[in-house]
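Asker: Sharing a structure here in structure tokens format.
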Amino acid sequence: VPTASLPLPWLDRSGRVSPLKAATFALCLMPGIVVAVGWSLNALGPKPVTAAIHETGEWAVRFLLLSLAVTPFRFIADAPKLILVRRMLGLTVLAYAVAHLLLYSLDLAFDLKRIATEIVLRIYLTIGFVALIGLAVLGATSTDAAVRRLGGAWHTLHRLVYGIAVLALIHFFLQSKLDVSEAAITAGLFLLLMIYRAQRRAGFALKPLPLLVAALLGGALTALLEAGWYTARNGASVLAVLGANLEGPFEAVADLRPAQWVLLAGLAVVAVKLARPRRGRDEAGRAARVARGDKLARVG
Ligand code: HEM
């Protein structure tokens, strides 16, 4: 039945309006609307297409991080029903990435030969292209029917998302000019999410202490990544770049180093955990009930 495989984004499986899904859908549309309105009002600066390419690229990666954050946050924030919005977040990544490629094609006047040549010859574009193909594969296999058909293989296939995220981050770093701060913050947040995942796999429940360790480790790895990049790319001194993380006081939040942003994000997660300790119910059981879309999935 078409409605079963393509439900309206704000409805849950039982056909009722889900405030969580409705709010997430609005969040997914918002950046696109802001860019479209900015474009129509000539507010995107002298090069609107370039500005829109950058915005769509950045939002694609941000939604990618959000979709990867769903699983850890179900446990950290004791919010199992977050699973209801994971597919929507994932498809949003694909939508922004496709818009990104279309805008790039528009920039080259849809000259397919030139677009293909550029993608083949510029390594950062080749990497972006491979990431986009990967996203398309995940999108095409995200319907209920595909999930059923693939069975266990679905999980194996969708683990590709981690590789896709790494490719997207490399693309982000390589296209950055002198300043890689934004790419480094994004990569650092990805590392933080991977640390949570590793901790759960190693059998640690995501309680305040492991989360604090993750925040410190995430910050440290981000500092090393940033210093490594500047050293390899510009011949900067590792110690000088690392030392910048210890400088202060800062006049504005914009002066914060990527590692400090990641550390703060990690500490905010610890605060979330302290504010929402688990209510002690069986995690797996609750998750199973939510998957069935029962009453629990519809509250709030
Ligand atoms: C065929 C596929 C792709 C093409 C042709 C492409 C092209 C581009 C171009 C031309 C830029 C701007 C470079 C510059 O101004 O010097 C860019 C930046 C970017 N792209 Fe892509 N891209 C592709 C795929 C992707 C994918 C799949 C993602 C994420 C999932 C992505 C995320 C980004 C990000 C985050 C930026 C940086 C934006 C910023 O710094 O503001 N791209 N891409």
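All residue names refer to the structure tokens as shown: chains lettered A, B, ... in order, residues numbered from 1 in each chain, ligands numbered from 1 in order.
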Could you please extract the residues within 6 Å of ligand 1, counting only C-alpha atoms and all ligand atoms, and hand them back as a PyMOL selection string?

Answerer: chain A and resi 54-55+57-58+60-61+97+101+104+125+128-129+131-132+168+172+175-176

Asker: Using only C-alpha atoms, determine which residues lie at most 7 Å from segment 121-124 of chain A, disregarding the query and same-chain residues fewer than 3 positions distant; provide the list as an mmCIF file with all heavy atoms, in the first residue's frame.

Answerer:
```
data_model
loop_
_atom_site.group_PDB
_atom_site.id
_atom_site.type_symbol
_atom_site.label_atom_id
_atom_site.label_comp_id
_atom_site.auth_asym_id
_atom_site.auth_seq_id
_atom_site.Cartn_x
_atom_site.Cartn_y
_atom_site.Cartn_z
ATOM 1 N N THR A 117 34.060 16.134 -15.613
ATOM 2 C CA THR A 117 35.519 16.293 -15.628
ATOM 3 C C THR A 117 36.019 16.829 -14.293
ATOM 4 O O THR A 117 36.997 16.335 -13.728
ATOM 5 C CB THR A 117 35.932 17.284 -16.752
ATOM 6 O OG1 THR A 117 35.200 16.960 -17.920
ATOM 7 C CG2 THR A 117 37.409 17.233 -17.025
ATOM 8 N N GLU A 118 35.325 17.855 -13.781
ATOM 9 C CA GLU A 118 35.746 18.440 -12.500
ATOM 10 C C GLU A 118 35.702 17.384 -11.397
ATOM 11 O O GLU A 118 36.621 17.278 -10.583
ATOM 12 C CB GLU A 118 34.820 19.608 -12.109
ATOM 13 C CG GLU A 118 34.907 20.814 -13.019
ATOM 14 C CD GLU A 118 36.106 21.698 -12.711
ATOM 15 O OE1 GLU A 118 36.472 21.791 -11.536
ATOM 16 O OE2 GLU A 118 36.679 22.269 -13.662
ATOM 17 N N ILE A 127 35.690 12.721 -3.830
ATOM 18 C CA ILE A 127 35.325 12.187 -2.505
ATOM 19 C C ILE A 127 33.877 12.551 -2.160
ATOM 20 O O ILE A 127 33.101 11.710 -1.693
ATOM 21 C CB ILE A 127 36.318 12.726 -1.440
ATOM 22 C CG1 ILE A 127 37.707 12.125 -1.695
ATOM 23 C CG2 ILE A 127 35.837 12.417 -0.027
ATOM 24 C CD1 ILE A 127 38.806 12.733 -0.855
ATOM 25 N N GLY A 128 33.492 13.802 -2.457
ATOM 26 C CA GLY A 128 32.107 14.231 -2.212
ATOM 27 C C GLY A 128 31.133 13.405 -3.040
ATOM 28 O O GLY A 128 30.069 13.010 -2.554
ATOM 29 N N HIS A 171 36.018 15.770 2.558
ATOM 30 C CA HIS A 171 35.588 16.740 1.534
ATOM 31 C C HIS A 171 35.516 18.145 2.157
ATOM 32 O O HIS A 171 35.975 19.123 1.572
ATOM 33 C CB HIS A 171 34.225 16.262 1.022
ATOM 34 C CG HIS A 171 33.495 17.180 0.100
ATOM 35 N ND1 HIS A 171 33.834 17.343 -1.220
ATOM 36 C CD2 HIS A 171 32.396 17.962 0.304
ATOM 37 C CE1 HIS A 171 32.979 18.190 -1.791
ATOM 38 N NE2 HIS A 171 32.095 18.579 -0.882
ATOM 39 N N LEU A 174 39.107 19.408 2.892
ATOM 40 C CA LEU A 174 39.899 19.708 1.692
ATOM 41 C C LEU A 174 39.428 20.977 0.993
ATOM 42 O O LEU A 174 40.229 21.681 0.386
ATOM 43 C CB LEU A 174 39.840 18.529 0.705
ATOM 44 C CG LEU A 174 40.635 17.287 1.107
ATOM 45 C CD1 LEU A 174 40.408 16.172 0.096
ATOM 46 C CD2 LEU A 174 42.125 17.612 1.204
ATOM 47 N N GLN A 175 38.108 21.271 1.066
ATOM 48 C CA GLN A 175 37.649 22.465 0.366
ATOM 49 C C GLN A 175 37.825 23.726 1.226
ATOM 50 O O GLN A 175 37.688 24.830 0.719
ATOM 51 C CB GLN A 175 36.208 22.306 -0.120
ATOM 52 C CG GLN A 175 35.152 22.259 0.957
ATOM 53 C CD GLN A 175 34.807 23.630 1.484
ATOM 54 O OE1 GLN A 175 34.503 24.544 0.742
ATOM 55 N NE2 GLN A 175 34.860 23.775 2.813
#
```

Asker: What lies within 9 Å of Leu68 of chain A using only C-alpha atoms, ignoring chain neighbours under 6 positions off, as a PyMOL selection string?

Answerer: chain A and resi 86+90+161-162+190+193-194

Asker: Which residue, A:Ala26, A:Val98, A:Val272, A:Leu239, has the smallest gap to Leu224 of chain A when you use only C-alpha atoms?

Answerer: A:Leu239

Asker: May I ask for the distance between atom CA of Ala220 of chain A and atom CA of Ala259 of chain A, given in Å to one decimal place?

Answerer: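 One can read the atom CA of Ala220 of chain A to atom CA of Ala259 of chain A distance as 6.7 Å.
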
Asker: So which one's closest to Phe75 of chain A, A:Val213, A:Ile119, A:Phe204, A:Thr231? Using only C-alpha atoms, please.

Answerer: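 Checking each candidate against Phe75 of chain A, we get A:Phe204 as the closest.
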
Asker: So, with only C-alpha atoms as the atoms that count, which of A:Leu138, A:Ile115, A:Leu189, A:Ala69 lies closest to Arg159 of chain A?

Answerer: A:Leu138

Asker: For a test of reading the model, state the distance in Å between atom CA of Thr50 of chain A and atom CA of Leu27 of chain A, rounded to one decimal.

Answerer: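 Answer for the atom CA of Thr50 of chain A to atom CA of Leu27 of chain A separation: 23.0 Å.
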
Asker: Using only C-alpha atoms, can you tell me which of A:Val35, A:Ala265, A:Ala275, A:Val130 comes closest to Val166 of chain A?

Answerer: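 Once distances to Val166 of chain A are computed over only C-alpha atoms, the minimum belongs to A:Val130.
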
Asker: Determine the nearest neighbour of Ala223 of chain A from the options A:Arg257, A:Lys207, A:Arg200, A:Lys273, counting only C-alpha atoms.

Answerer: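 Of all the options, A:Arg257 lies closest to Ala223 of chain A.
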
Asker: Taking 5 positions as the minimum chain separation for residues in the same chain, which residues sit within 10 Å of Trp261 of chain A when counting only C-alpha atoms? Answer as a VMD selection string.

Answerer: chain A and resid 184 to 186 188 to 189 219 222 253 to 254 256 266 to 267

Asker: Given the selection you just returned, output its residues as a file containing N, CA and C atoms, formatted as an mmCIF file, in the first residue's frame.

Answerer:
```
data_model
loop_
_atom_site.group_PDB
_atom_site.id
_atom_site.type_symbol
_atom_site.label_atom_id
_atom_site.label_comp_id
_atom_site.auth_asym_id
_atom_site.auth_seq_id
_atom_site.Cartn_x
_atom_site.Cartn_y
_atom_site.Cartn_z
ATOM 1 N N ALA A 184 36.890 21.269 11.527
ATOM 2 C CA ALA A 184 37.454 20.603 12.709
ATOM 3 C C ALA A 184 36.391 20.431 13.798
ATOM 4 N N ILE A 185 35.524 21.434 13.962
ATOM 5 C CA ILE A 185 34.448 21.302 14.969
ATOM 6 C C ILE A 185 33.528 20.138 14.565
ATOM 7 N N THR A 186 33.169 20.111 13.273
ATOM 8 C CA THR A 186 32.260 19.059 12.804
ATOM 9 C C THR A 186 32.900 17.687 12.985
ATOM 10 N N GLY A 188 35.190 16.922 15.096
ATOM 11 C CA GLY A 188 35.296 16.656 16.532
ATOM 12 C C GLY A 188 33.985 16.127 17.095
ATOM 13 N N LEU A 189 32.865 16.712 16.646
ATOM 14 C CA LEU A 189 31.562 16.235 17.133
ATOM 15 C C LEU A 189 31.308 14.808 16.637
ATOM 16 N N GLY A 219 37.578 16.243 23.034
ATOM 17 C CA GLY A 219 38.274 17.530 22.938
ATOM 18 C C GLY A 219 39.745 17.319 22.573
ATOM 19 N N THR A 222 40.187 16.235 18.984
ATOM 20 C CA THR A 222 39.937 17.358 18.063
ATOM 21 C C THR A 222 41.165 18.265 18.000
ATOM 22 N N VAL A 253 32.606 34.144 22.080
ATOM 23 C CA VAL A 253 32.554 32.691 21.899
ATOM 24 C C VAL A 253 33.177 32.297 20.560
ATOM 25 N N ALA A 254 33.112 33.244 19.591
ATOM 26 C CA ALA A 254 33.672 32.942 18.267
ATOM 27 C C ALA A 254 35.173 32.681 18.356
ATOM 28 N N LEU A 256 36.574 30.751 20.486
ATOM 29 C CA LEU A 256 36.849 29.415 21.013
ATOM 30 C C LEU A 256 37.470 28.542 19.931
ATOM 31 N N GLY A 266 30.522 18.154 24.746
ATOM 32 C CA GLY A 266 30.571 16.927 25.551
ATOM 33 C C GLY A 266 30.109 17.176 26.979
ATOM 34 N N LEU A 267 30.506 18.337 27.529
ATOM 35 C CA LEU A 267 30.089 18.652 28.902
ATOM 36 C C LEU A 267 28.587 18.929 28.955
#
```

Asker: Excluding Gly32 of chain A and any residue of its chain fewer than 3 positions from it, enumerate the residues within 8 Å of it, using only C-alpha atoms, and give them as a list in words.

Answerer: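 Counting only the stated atoms, we get Cys28, Leu29, Val35, Ala36, Thr56 and Tyr96 of chain A.
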
Asker: Could you write those residues out with C-alpha atoms, as an mmCIF file, in the first residue's frame?

Answerer:
```cif
data_model
loop_
_atom_site.group_PDB
_atom_site.id
_atom_site.type_symbol
_atom_site.label_atom_id
_atom_site.label_comp_id
_atom_site.auth_asym_id
_atom_site.auth_seq_id
_atom_site.Cartn_x
_atom_site.Cartn_y
_atom_site.Cartn_z
ATOM 1 C CA CYS A 28 14.603 19.622 8.422
ATOM 2 C CA LEU A 29 12.860 22.107 6.129
ATOM 3 C CA VAL A 35 18.349 29.754 1.898
ATOM 4 C CA ALA A 36 15.458 29.977 -0.598
ATOM 5 C CA THR A 56 23.531 23.099 1.625
ATOM 6 C CA TYR A 96 20.593 18.670 1.096
#
```
